[in-house]
Each structure stands twice: as structure tokens, then as C-alpha cells.
Amino acid sequence: MAGFVSNLLILHLLFQNICLGFRSPLSVFKRYKDAEDTSLPNECLGSDQLVISFGLSDFALDIRMPAVTPKQSDTYLCMSVPLPVNDEAYVVDFKPHASMDTVHHMLLFGCNEPSSTENYWDCDEGTCKDKSNILYAWARNAPPTKLPKGVGFRVGGETGSRYFVLQVHYGDVSAFRDKHKDCSGVTLHLTHQKQPLIAGMYLMMSVNTVIPPGKKVVDADIACHYKRSPMHLFAYRVHTHRLGKVVSGYRVRNGQWTLIGRQSPQLPQAFYPVKYPVDIRYDDILAARCVFSGEGRTTETHIGGTANDEMCNFYIMYYMEAKHAVSYMTCTQNTNPEMFRNIPQEANIPIPVKSDVMKMMHGHHEETKDSDTSSVLQQDKKEEILDPETKDSDTSYLLQQAKKEEAEILHQDFHIEEAVEWTGLDLKLGQVSGLALDPKNNLVVFHRGDRVWDENSFDSKFIYQQRGLGPIEQNTIIVLNPSNAKLLHSTGKSLFYLPHGLSVDKNGNYWVTDVALHQVFKLGANDKEPLLILGVPLQPGSDKNHFCQPTDVAVDPITGSIYVSDGYCNSRIIQFSPNGLYVMQWGEDTSLGRSRPGQFSIPHSLALIPDLSQLCVADRENGRIQCFRLETGEFTREIKHKAFGRELFAVSYVPGGLLFAVNGIPYPGEAESVQGFVMNFSTGEIIDTFIPLRKSFEMPHDIVASEDRTVFVGDVHAKAVWKFASVEKMEHRSVKKAGIEVQETKESETIVAARLKNKPESRDPLENMDKQHLVQQASSTGVSFVLITTLLIIPVVVLLVILVFIRWRKTTVYGGNSDGEHKLDSSSGRILGRLRGKGGGGINLGNFFASHKGYSRKGFDRLSTEGSDQEKDEDDGTDSEEECSVSPLPPEPSSS
């Protein structure tokens, strides 16, 4: 019996070790994921192991400050970690561990010889003794750096870096009054799998710029000819100190300037995605400009490494084919100063930063001691981000949010129907020309009161013929409660002659166009006089100072730039700076035959998509939507459907990827009906159409939609505003009511805006691992999986055979002793239970591969620079959506 027990114990231990051996990397990986959610920067929550394996070829390297307590503000501490392998590896993802309450910024360098062999050291001693490459940057409120799929930084081997050096800048040490220890750092995801594309860094910097005291505008220009193999740019970063206003980078090819990136250096100085693919070929020119202001300074400011000096740096992350890869390149000269006469005007326009953000940015102590580094390159690496950054809505974050929202919204099945309880249809209005939603989501209506635009309004030269009537005496701007149409506010009396377009900026200001006055106005919600006027009253024109019947206006919530569609007698889009200065324009009349990109026949309505940096235009008489890049006016796409007919009047965009539009009345003999459209912005596909139940569209002139898919349509002929809302499509069944067959819909609410709570997505680059990558990894290790499975099964089978044999032997020897048999069954049951417990608790392959099928590191996920080019992240199918209550349908509306 003792031998039998020993055998059982041996089998049990063998089985346990097999299970634990196979479980180990997975459990470590789970612990690795769970560690993300900490909010305590003074705890080192990583494993005691610096290296954590979670696959045959992949591993994680934890790089953390060794429990430090900085004693004074603006302390720069460095520490190094050797690459734990000798052979070549690739960094494919980064996961930061830092709190903005304690850490101002972090930089990660790759090199072969750190400046010190100490556990950590003051970065005044330098970072590396040899040439170092920046691999990663994290700043306050900035998003983590991610790499595109198939791209990695090459380390180790014969040519790659053998050490990682982490630099942490502790800005204000008041957070360390409790003497806690800081373990901020970054975890790297590395792989031995060869990456087809190798990442690198291109640094453009000015070394001789001098900023005279008091001078308002000083430009620092950098330009170099590129003389290497093709590279593809995917991220950029700007850096100056406090005098910098804007930094812009471009590719110049055959005299054509293409924007790489443009950003205020007073915002988070992380790496931002290059929004549109930019490739660099042999003999292209890379150009950058930093704009400074010497106002407030009493002495000259030079390039240097302290807060009282300045810097002009434009970093570019790129990738190249592995066989041609170069890890680091620099440009410190201006080879062609004359060409900067043609730099786009946007490069000269500062990006506004709110005063409270600036205050927070410069609220910490500044480092004023001289740098003892030996070159500007070393100075820059010592002093990468001197000023804090606290702006919440940086571009990368917006793009990530937009992608998530698009995935959530577009996967819902819904239909737009008229909200028949809306009483706004009965309001006594003039011709409704414009609609918008204010920051509180109230509906703002722009109407013409007692004025009508007809054939007598203008002469052949577009001069308004009814000036003798004076301005409209009614309040032309009214604000309504979007739920019950109750009047909340009204303004605009005695200001306008013939209202047309309307938008509301993020601060609640009204922006309107008047086609009779040929002007654009900015009005405060409670101001009787305009805050800004563009154009010359009652004078049509086509130069920089005149409009000709401008149709609409849009304001970029990020930059404050103003875009005007001009209009009925011009065919252009004009961009102005936030204070109304002309910047640029694009567009031309439609040529005979088929209309080409950038040509307009009445650009009638604008929809600004800030999270994609695009502006979409309802090209009315061409019956299409055209979209353009905000920075350059470059055409990006056209959306055109036969269902639009010949005219498309208005367009509205909803964050998350939905585009709403209304068309015009069909020409005689044409079948296309006047209706509203819902489209997937990424693909241009029509998702839904809608028409009113009460009355009919006569000439729907404007449309506006909110994020919950509540839609308002204003009709200039019907002098009415309809409200439509989203109805979730669920169960449909036919019901007979009063002899009429109608569709009864089970829905969350009855014709009331409804939005399901969607499944949250993690932003952790190591937690959201690419599902395709894991599937490939699993398939590549299929032999190991089969072997391990076999090893798991064999001891169980052997154990069962032994137990059956023992039971048979007992039965034979003891002749049906029920007590002994019961005891044996009980004992073996407990043993098997323990074994099953080990197997069940140790690993669940089904759950593991199901829950990780979306492992992704396809970083810098732009929400479709051209939408359809980008993949969507698959949702984890284990989550469930919130159930919706059922409400009865409203009574059928009476016909009118």
C-alpha cells in the first residue's frame, strides 16, 4: 500500500509540475497586465524579475527607478539596464509607469555605454558616453508611444544598443513631502522575431539661432537634402523652451510642401502620429521651422540646455526596410534659406494655448544652472522637456477616442425616425437657413424672420436690392430646448439682412453668414454687437477681404482657425486665423463635363472633423461631399451616391464616424427623393435614410446631429425644424391597428435618443495585444502545444488505469467489501478532485486564446486618415451589453 501511495504522489507531482510549467508564462503575463491599474507611484509593482517571458520569442523588460526620492525640484535622475540577451531583438511596444503628480517627463535612450555604472545617478553626468538614440518619450498628460505593426527598434546583436538608459525629470518635488520612494519607469515588449521594418529617429535642430530681446517674431529654419534609402514617417515630436510658439516640419519635393506635423511646443511634447502617410525619397528636402517671440526678454536668447536658453528641435520617427535601416540621423543646417519664402502660411501662425494651461505648464521650478555637456546634442538629451504639459485633448488622444467611438457606434444597428412628440414643428419661424448645437446641446436656429430670398433679392452682379428695408427687426437667432422646443434665449435683432449659415464654437459663440451683406459675423451669446466681422458690408468680391454670398462657417475647436465656404458666386474655401487674418484658400469653379476634386458648384455647408483634421464640404450643385485636410486644403476624398440626386444641401459630422446629410428636391423626371442620409464616414457607405412623418421636406437647407444620433433638419421653404432620433433595431413584428398594418419595434426608448453603454477598451499596449499576432504565435508553437497536451493527458490516463486496477483487485481479493470500496472511491475521488483542481485552476486554454485573440501593437492608430485604410480592433466577445427596457410605440400621428 505504501508503494501505491508513493506512486500516486509521484504522479501527482509530475502532473502538477507539468501544469505549472505550462502555466507560468501565462500567469506572469496576467500579473503583468493586472499591474497596470496601480495609481501609487511610490510602489514598485513590477516583478522582482527584470525580464518576464510570455512566449517562446517574446519577453518584457521592466525598467524602473530604484525607489528614489528627489530632494530638489527639477532633478534629473538616470539609471541603466543592460539588454538581457546577446542576440538581436526588437522593441515593439512601450508601457509607461508614471504619475503626472510626481514625474514631469521620461526619456528612454539606447546606447552601448551608460555614463555611470551606479544604481542611478544625476543626469548632469550625462546619459551615455557614446552616441545615444531616443527610443521613447513620455510627458505629462501625453499619450504613450506605440509603433505600427511590423515595426520595431533593433537592439542587441552586432549593431544594436546593448543598454537602455532611463531619464526621469522630477519637476516639483513638493509631491515627495511624505518621503515616499518613486519607481517610475517603462516596460518594454521585445521579441526575437525579425521585424520587416526597422524604426529610427531623425532629429532636425537649429544650433545657431539668436532671439533678440523684445522681437515679436523670430524664425529658426532647418533644411537638409535626404541622401539615403526611402523611409516612411509615422510620428513626430516638437521641442522648444518657453519662447517657442509653433514648430512645423515638412517634406519638400519638386517645390511642393507636404506637412509632416505641426504642434505648439507648449502642449504635451510627446510623439504625435503623422496623420497622413509621408514617405521620404532620395534627394527630397526635409524642412522645419520654429517660431519664437523675444517679448519679455531683456537680453539675447541663444540655443542651449537650460530653461533660460532656447531650443528648436523637430524629431521624426520613421521606419525603413531592414536591409537599409539606419537607426539615427540628424540635420543641423539650412541648405536652402530661399525656399522658406514658399513655406505654407500655417507654419507662421502660433497655435493658441489657454492661459490656465500655460500657468500650469510653467508653474514648477526651472533649472538655471549651466549644462556641462559637450555638445548641443547632449544638451538636448539632458533637457528634453523643460516645461510641463497639461492639455487634455491632444491630437493622438482624440484620434484614439475617435476610433473607439466609431467602432462602438457603427456596430450598433439603428434607424432614424421622426420624433413625433417634438413640438418645434409648430413654431412660427421665418425661412430656416441654419442650425447648430451649442456646448450644452441646446438647438440654435438661424432664420430670416419676415425676410424672403427670392428672384428680386439680387441683381446680376449679386448686389442686394432690398437694402431699403433695413436689417431684420426680429431676433434671428433663437435657442431651443432640444427636448420640448421651449424658447431659452434669442438674439440677432437688427443685425442681419439675409441670414444663411450658422455654427457654434466650443465657447458658445455664434458664427453666422449673411448672403446679402456678404459678411461673416462672430457673436457672443449675450452680446448685442458682433465680436468679429469679416468681409465688407453689401460689397461682393473675390479677393482676400471680400466674400460673395458666403454660405457657411466652421471653427476648429483645437486651433481656433476659421473656415468659410464662399459661396454662391465664388467657389472656394477660405481659412482665417483665430483673430480673423487671412491664411489661405482653395477651390475653383467646376469645369465643363465631370467635376474634378477641389472644384465647387456652390460650396453650401461645412462639417469640421477635428479628430481627423479634415473639413468636409457639401458641394451642392455637384451633388457630392468633398473632404480636405485642414492644414493644407489638400483633397482627401469624395462621397457621392446616386441617391443624392443632383443636389446635396448640407452635411453634419458626429464624433465616432457618422456623417449626416440632406439632399435637394429632384429635378422633373428624376426618381431620387428628398431625404436625410446617415453614412459611415470611413467608407462613405449609406447606413440609413429618413424622411418626416408629419408634413414633408420641401427644401431642407441645413442639418445638425448630436452624438446620441438626435438629428435636426431645418427647411427654408417649409419654415420648419424637424427632430429625428435613433431607434435601436431589435425585434420587429407586424401588428394590425385599425385595419392598417404597422411595424411594432421593441426598442430601448420610443423614438427618443438612445445610446447603449459600450464595452470599455483598455489603452494598455501590452494588455491589448494583437489578436492576429497571438494566433500566429500559437500556430508557430503548435508542436509544443500538442506535446504539452499529450503530457497532460498521459498521467491522467495512467492514473485512471491504476485506480481501475486497484478497484478490481480489491473486489477480487476482498469480495465486495462495501466499506473498503467506499473508502477507496472516496480517496481516489479526492485525489482526482485535487488533480482536476490543478488542471482547471492552472490553465484554461479556451479562455486564454478567446480572451487574447486581439493582441495588437499596431500603434499610432489614426482613425482613418482615409478611414477605410485602417483596421478596426475586434471587441472581446466575452463582454455583454446592457439590456434595454421596452416602451410602447406612440399613437399614430394624424395626417396634416
# chains A, B, ... in the order shown; residues from 1 in each chain; ligands from 1
$ select_by_dssp --residues "region 167-384 of chain A" --states "strand (DSSP E)" --output "ChimeraX atom specification"
/A:167-170,185-191,197-205,210-211,218-225,231-239,244-253,256-263,272-280,285-292,301-302,313-321,328-331
$ write_last_selection --atoms "C-alpha atoms" --output "tab-separated table (two decimals), in the first residue's frame"
chain	number	residue	atom	x	y	z
A	167	GLN	CA	15.97	59.59	-17.67
A	168	VAL	CA	13.25	60.88	-15.33
A	169	HIS	CA	12.68	64.58	-14.75
A	170	TYR	CA	11.06	65.34	-11.39
A	185	GLY	CA	9.65	53.78	-15.48
A	186	VAL	CA	8.62	51.92	-18.58
A	187	THR	CA	8.14	48.30	-19.57
A	188	LEU	CA	9.34	47.25	-22.99
A	189	HIS	CA	7.82	44.49	-25.05
A	190	LEU	CA	10.60	42.85	-27.03
A	191	THR	CA	10.63	40.00	-29.50
A	197	LEU	CA	10.65	47.23	-40.82
A	198	ILE	CA	13.16	48.92	-38.52
A	199	ALA	CA	12.31	52.11	-36.63
A	200	GLY	CA	14.69	55.03	-36.30
A	201	MET	CA	14.91	58.68	-35.27
A	202	TYR	CA	15.65	61.73	-37.42
A	203	LEU	CA	16.47	64.86	-35.43
A	204	MET	CA	16.26	68.31	-37.01
A	205	MET	CA	17.60	71.10	-34.82
A	210	VAL	CA	19.65	84.04	-31.71
A	211	ILE	CA	16.44	85.62	-30.42
A	218	VAL	CA	11.85	85.16	-34.89
A	219	ASP	CA	12.05	82.22	-37.29
A	220	ALA	CA	14.53	79.36	-36.96
A	221	ASP	CA	14.70	77.36	-40.19
A	222	ILE	CA	16.32	73.98	-40.77
A	223	ALA	CA	16.59	72.13	-44.09
A	224	CYS	CA	18.62	69.18	-45.40
A	225	HIS	CA	18.68	67.10	-48.58
A	231	MET	CA	11.96	55.97	-45.24
A	232	HIS	CA	8.37	56.22	-44.07
A	233	LEU	CA	7.41	58.70	-41.35
A	234	PHE	CA	4.89	57.72	-38.69
A	235	ALA	CA	5.39	60.06	-35.71
A	236	TYR	CA	6.83	63.44	-34.82
A	237	ARG	CA	7.69	65.47	-31.76
A	238	VAL	CA	8.43	69.17	-31.33
A	239	HIS	CA	10.58	70.79	-28.66
A	244	GLY	CA	8.53	78.76	-28.75
A	245	LYS	CA	5.11	79.38	-30.34
A	246	VAL	CA	4.81	76.75	-33.07
A	247	VAL	CA	7.07	74.17	-34.72
A	248	SER	CA	6.29	72.71	-38.16
A	249	GLY	CA	8.01	70.05	-40.27
A	250	TYR	CA	7.65	69.39	-44.00
A	251	ARG	CA	8.80	67.27	-46.87
A	252	VAL	CA	9.65	69.37	-49.93
A	253	ARG	CA	9.54	67.54	-53.25
A	256	GLN	CA	5.63	71.01	-53.21
A	257	TRP	CA	5.45	71.31	-49.41
A	258	THR	CA	3.82	68.37	-47.61
A	259	LEU	CA	3.13	68.67	-43.90
A	260	ILE	CA	4.69	66.08	-41.62
A	261	GLY	CA	3.47	67.61	-38.38
A	262	ARG	CA	2.73	70.92	-36.71
A	263	GLN	CA	2.30	71.50	-33.00
A	272	TYR	CA	2.27	62.50	-32.19
A	273	PRO	CA	1.12	60.44	-35.17
A	274	VAL	CA	1.82	61.69	-38.67
A	275	LYS	CA	-1.80	61.95	-39.78
A	276	TYR	CA	-1.25	61.11	-43.42
A	277	PRO	CA	1.40	58.75	-44.82
A	278	VAL	CA	4.57	60.62	-45.77
A	279	ASP	CA	7.46	58.88	-47.49
A	280	ILE	CA	10.92	60.37	-47.98
A	285	ILE	CA	14.27	68.01	-48.70
A	286	LEU	CA	13.30	67.79	-45.04
A	287	ALA	CA	12.46	71.26	-43.72
A	288	ALA	CA	11.35	72.59	-40.33
A	289	ARG	CA	10.58	75.98	-38.84
A	290	CYS	CA	10.37	77.08	-35.21
A	291	VAL	CA	8.64	80.39	-34.49
A	292	PHE	CA	9.80	82.25	-31.37
A	301	THR	CA	18.45	84.26	-26.06
A	302	HIS	CA	20.69	81.57	-27.56
A	313	ASN	CA	14.04	70.62	-32.36
A	314	PHE	CA	11.80	68.61	-34.67
A	315	TYR	CA	12.01	64.84	-34.12
A	316	ILE	CA	10.76	62.36	-36.70
A	317	MET	CA	10.14	58.67	-36.05
A	318	TYR	CA	10.44	56.64	-39.23
A	319	TYR	CA	10.79	53.08	-40.42
A	320	MET	CA	12.86	51.60	-43.23
A	321	GLU	CA	13.32	48.18	-44.76
A	328	TYR	CA	19.65	57.66	-36.14
A	329	MET	CA	20.13	60.69	-38.40
A	330	THR	CA	20.45	64.42	-37.78
A	331	CYS	CA	20.06	67.69	-39.66
$ closest_residue --among "A:Phe576, A:Tyr582, A:Phe697, A:Phe628" --to "Gln599 (chain A)" --atoms "only C-alpha atoms"
A:Phe628
$ residues_around --residues "Tyr163 (chain A)" --least-positions-apart "6" --cutoff "9 Å" --atoms "only C-alpha atoms" --output "JSON, numbers by chain"
{"A": [80, 81, 82, 83, 109, 110, 111, 112, 113, 114, 155, 156]}
$ atom_distance --atom1 "CA of Gly623 (chain A)" --atom2 "CA of Cys548 (chain A)"
21.1 Å
$ residues_around --residues "Lys227 (chain A)" --least-positions-apart "6" --cutoff "9 Å" --atoms "only C-alpha atoms" --output "CSV table (one decimal) with C-alpha atoms, in the first residue's frame"
chain,number,residue,atom,x,y,z
A,281,ARG,CA,12.9,59.5,-51.1
A,282,TYR,CA,16.4,60.2,-52.2
A,283,ASP,CA,17.0,64.0,-52.8
A,284,ASP,CA,13.8,65.1,-51.1
$ closest_residue --among "A:Ser174, A:Leu56, A:Asp62, A:His97" --to "His192 (chain A)" --atoms "only C-alpha atoms"
A:Leu56
$ closest_residue --among "A:Thr127, A:Asp182, A:Ala175, A:Lys640" --to "Pro66 (chain A)" --atoms "only C-alpha atoms"
A:Asp182
$ closest_atom_pairs --of "region 421-517 of chain A" --to "region 553-572 of chain A" --cutoff "7 Å" --atoms "only C-alpha atoms" --output "JSON lines"
{"residue": "A:Gly501", "atom": "CA", "partner": "A:Val553", "partner_atom": "CA", "distance": 6.6}
{"residue": "A:Leu502", "atom": "CA", "partner": "A:Val553", "partner_atom": "CA", "distance": 6.7}
{"residue": "A:Ser503", "atom": "CA", "partner": "A:Ala554", "partner_atom": "CA", "distance": 6.2}
{"residue": "A:Asp505", "atom": "CA", "partner": "A:Val555", "partner_atom": "CA", "distance": 6.1}
{"residue": "A:Lys506", "atom": "CA", "partner": "A:Pro557", "partner_atom": "CA", "distance": 6.0}
{"residue": "A:Trp511", "atom": "CA", "partner": "A:Val553", "partner_atom": "CA", "distance": 6.6}
{"residue": "A:Val512", "atom": "CA", "partner": "A:Val553", "partner_atom": "CA", "distance": 6.7}
$ decode --residues "region 490-530 of chain A" --atoms "N, CA and C atoms" --output "mmCIF file, in the first residue's frame"
data_model
loop_
_atom_site.group_PDB
_atom_site.id
_atom_site.type_symbol
_atom_site.label_atom_id
_atom_site.label_comp_id
_atom_site.auth_asym_id
_atom_site.auth_seq_id
_atom_site.Cartn_x
_atom_site.Cartn_y
_atom_site.Cartn_z
ATOM 1 N N SER A 490 -32.895 84.315 -27.182
ATOM 2 C CA SER A 490 -32.971 84.816 -28.558
ATOM 3 C C SER A 490 -32.125 86.075 -28.680
ATOM 4 N N THR A 491 -31.595 86.282 -29.869
ATOM 5 C CA THR A 491 -30.748 87.449 -30.132
ATOM 6 C C THR A 491 -30.705 87.667 -31.645
ATOM 7 N N GLY A 492 -29.897 88.635 -32.070
ATOM 8 C CA GLY A 492 -29.722 88.871 -33.504
ATOM 9 C C GLY A 492 -30.700 89.855 -34.114
ATOM 10 N N LYS A 493 -31.336 90.650 -33.304
ATOM 11 C CA LYS A 493 -32.281 91.631 -33.836
ATOM 12 C C LYS A 493 -31.532 92.813 -34.446
ATOM 13 N N SER A 494 -32.017 93.302 -35.598
ATOM 14 C CA SER A 494 -31.486 94.498 -36.276
ATOM 15 C C SER A 494 -30.008 94.365 -36.635
ATOM 16 N N LEU A 495 -29.593 93.147 -36.985
ATOM 17 C CA LEU A 495 -28.197 92.928 -37.374
ATOM 18 C C LEU A 495 -28.054 92.393 -38.800
ATOM 19 N N PHE A 496 -29.022 91.598 -39.245
ATOM 20 C CA PHE A 496 -28.836 90.849 -40.488
ATOM 21 C C PHE A 496 -29.902 91.189 -41.525
ATOM 22 N N TYR A 497 -29.507 91.012 -42.786
ATOM 23 C CA TYR A 497 -30.415 91.256 -43.905
ATOM 24 C C TYR A 497 -30.941 89.952 -44.504
ATOM 25 N N LEU A 498 -30.052 88.983 -44.679
ATOM 26 C CA LEU A 498 -30.476 87.706 -45.264
ATOM 27 C C LEU A 498 -29.616 86.578 -44.670
ATOM 28 N N PRO A 499 -30.000 86.058 -43.499
ATOM 29 C CA PRO A 499 -29.218 85.018 -42.829
ATOM 30 C C PRO A 499 -29.023 83.771 -43.690
ATOM 31 N N HIS A 500 -27.909 83.109 -43.450
ATOM 32 C CA HIS A 500 -27.671 81.853 -44.163
ATOM 33 C C HIS A 500 -27.041 80.789 -43.249
ATOM 34 N N GLY A 501 -25.707 80.767 -43.106
ATOM 35 C CA GLY A 501 -25.051 79.689 -42.366
ATOM 36 C C GLY A 501 -24.871 79.999 -40.897
ATOM 37 N N LEU A 502 -24.780 78.935 -40.072
ATOM 38 C CA LEU A 502 -24.632 79.078 -38.624
ATOM 39 C C LEU A 502 -23.768 77.958 -38.084
ATOM 40 N N SER A 503 -22.879 78.301 -37.159
ATOM 41 C CA SER A 503 -22.187 77.299 -36.347
ATOM 42 C C SER A 503 -21.936 77.902 -34.973
ATOM 43 N N VAL A 504 -21.658 77.049 -34.001
ATOM 44 C CA VAL A 504 -21.382 77.489 -32.639
ATOM 45 C C VAL A 504 -20.035 76.904 -32.234
ATOM 46 N N ASP A 505 -19.124 77.741 -31.735
ATOM 47 C CA ASP A 505 -17.808 77.227 -31.352
ATOM 48 C C ASP A 505 -17.854 76.637 -29.950
ATOM 49 N N LYS A 506 -16.723 76.111 -29.498
ATOM 50 C CA LYS A 506 -16.682 75.397 -28.218
ATOM 51 C C LYS A 506 -16.928 76.307 -27.023
ATOM 52 N N ASN A 507 -16.785 77.628 -27.228
ATOM 53 C CA ASN A 507 -17.045 78.587 -26.155
ATOM 54 C C ASN A 507 -18.464 79.136 -26.185
ATOM 55 N N GLY A 508 -19.283 78.635 -27.103
ATOM 56 C CA GLY A 508 -20.672 79.069 -27.167
ATOM 57 C C GLY A 508 -20.898 80.315 -28.007
ATOM 58 N N ASN A 509 -19.890 80.788 -28.746
ATOM 59 C CA ASN A 509 -20.075 81.939 -29.630
ATOM 60 C C ASN A 509 -20.786 81.516 -30.909
ATOM 61 N N TYR A 510 -21.632 82.399 -31.432
ATOM 62 C CA TYR A 510 -22.344 82.124 -32.673
ATOM 63 C C TYR A 510 -21.538 82.691 -33.839
ATOM 64 N N TRP A 511 -21.368 81.879 -34.877
ATOM 65 C CA TRP A 511 -20.714 82.299 -36.110
ATOM 66 C C TRP A 511 -21.739 82.180 -37.232
ATOM 67 N N VAL A 512 -22.004 83.262 -37.920
ATOM 68 C CA VAL A 512 -23.070 83.267 -38.925
ATOM 69 C C VAL A 512 -22.583 83.942 -40.208
ATOM 70 N N THR A 513 -23.265 83.622 -41.301
ATOM 71 C CA THR A 513 -23.010 84.306 -42.572
ATOM 72 C C THR A 513 -24.286 84.999 -43.025
ATOM 73 N N ASP A 514 -24.112 86.108 -43.721
ATOM 74 C CA ASP A 514 -25.231 86.865 -44.286
ATOM 75 C C ASP A 514 -24.945 87.042 -45.775
ATOM 76 N N VAL A 515 -25.784 86.437 -46.624
ATOM 77 C CA VAL A 515 -25.522 86.471 -48.073
ATOM 78 C C VAL A 515 -25.821 87.833 -48.678
ATOM 79 N N ALA A 516 -26.662 88.643 -48.020
ATOM 80 C CA ALA A 516 -26.948 89.988 -48.529
ATOM 81 C C ALA A 516 -25.812 90.944 -48.178
ATOM 82 N N LEU A 517 -25.331 90.849 -46.954
ATOM 83 C CA LEU A 517 -24.228 91.704 -46.517
ATOM 84 C C LEU A 517 -22.882 91.208 -47.031
ATOM 85 N N HIS A 518 -22.818 89.942 -47.477
ATOM 86 C CA HIS A 518 -21.563 89.320 -47.926
ATOM 87 C C HIS A 518 -20.539 89.341 -46.793
ATOM 88 N N GLN A 519 -21.002 88.966 -45.597
ATOM 89 C CA GLN A 519 -20.131 89.028 -44.431
ATOM 90 C C GLN A 519 -20.280 87.795 -43.536
ATOM 91 N N VAL A 520 -19.274 87.646 -42.659
ATOM 92 C CA VAL A 520 -19.269 86.607 -41.633
ATOM 93 C C VAL A 520 -19.156 87.301 -40.279
ATOM 94 N N PHE A 521 -19.955 86.858 -39.305
ATOM 95 C CA PHE A 521 -20.006 87.506 -38.003
ATOM 96 C C PHE A 521 -19.729 86.499 -36.885
ATOM 97 N N LYS A 522 -19.049 86.978 -35.852
ATOM 98 C CA LYS A 522 -18.910 86.233 -34.597
ATOM 99 C C LYS A 522 -19.666 86.998 -33.522
ATOM 100 N N LEU A 523 -20.595 86.313 -32.856
ATOM 101 C CA LEU A 523 -21.433 86.941 -31.839
ATOM 102 C C LEU A 523 -21.314 86.179 -30.523
ATOM 103 N N GLY A 524 -21.137 86.889 -29.427
ATOM 104 C CA GLY A 524 -21.258 86.264 -28.127
ATOM 105 C C GLY A 524 -22.717 85.968 -27.836
ATOM 106 N N ALA A 525 -22.975 84.934 -27.065
ATOM 107 C CA ALA A 525 -24.358 84.525 -26.812
ATOM 108 C C ALA A 525 -25.183 85.646 -26.192
ATOM 109 N N ASN A 526 -24.534 86.518 -25.421
ATOM 110 C CA ASN A 526 -25.271 87.589 -24.737
ATOM 111 C C ASN A 526 -24.850 88.973 -25.201
ATOM 112 N N ASP A 527 -24.117 89.022 -26.316
ATOM 113 C CA ASP A 527 -23.654 90.313 -26.830
ATOM 114 C C ASP A 527 -24.581 90.835 -27.921
ATOM 115 N N LYS A 528 -24.837 92.122 -27.891
ATOM 116 C CA LYS A 528 -25.679 92.724 -28.917
ATOM 117 C C LYS A 528 -24.871 93.157 -30.133
ATOM 118 N N GLU A 529 -23.561 93.349 -29.928
ATOM 119 C CA GLU A 529 -22.710 93.746 -31.035
ATOM 120 C C GLU A 529 -21.750 92.606 -31.376
ATOM 121 N N PRO A 530 -21.417 92.443 -32.659
ATOM 122 C CA PRO A 530 -20.509 91.368 -33.066
ATOM 123 C C PRO A 530 -19.127 91.521 -32.449
#
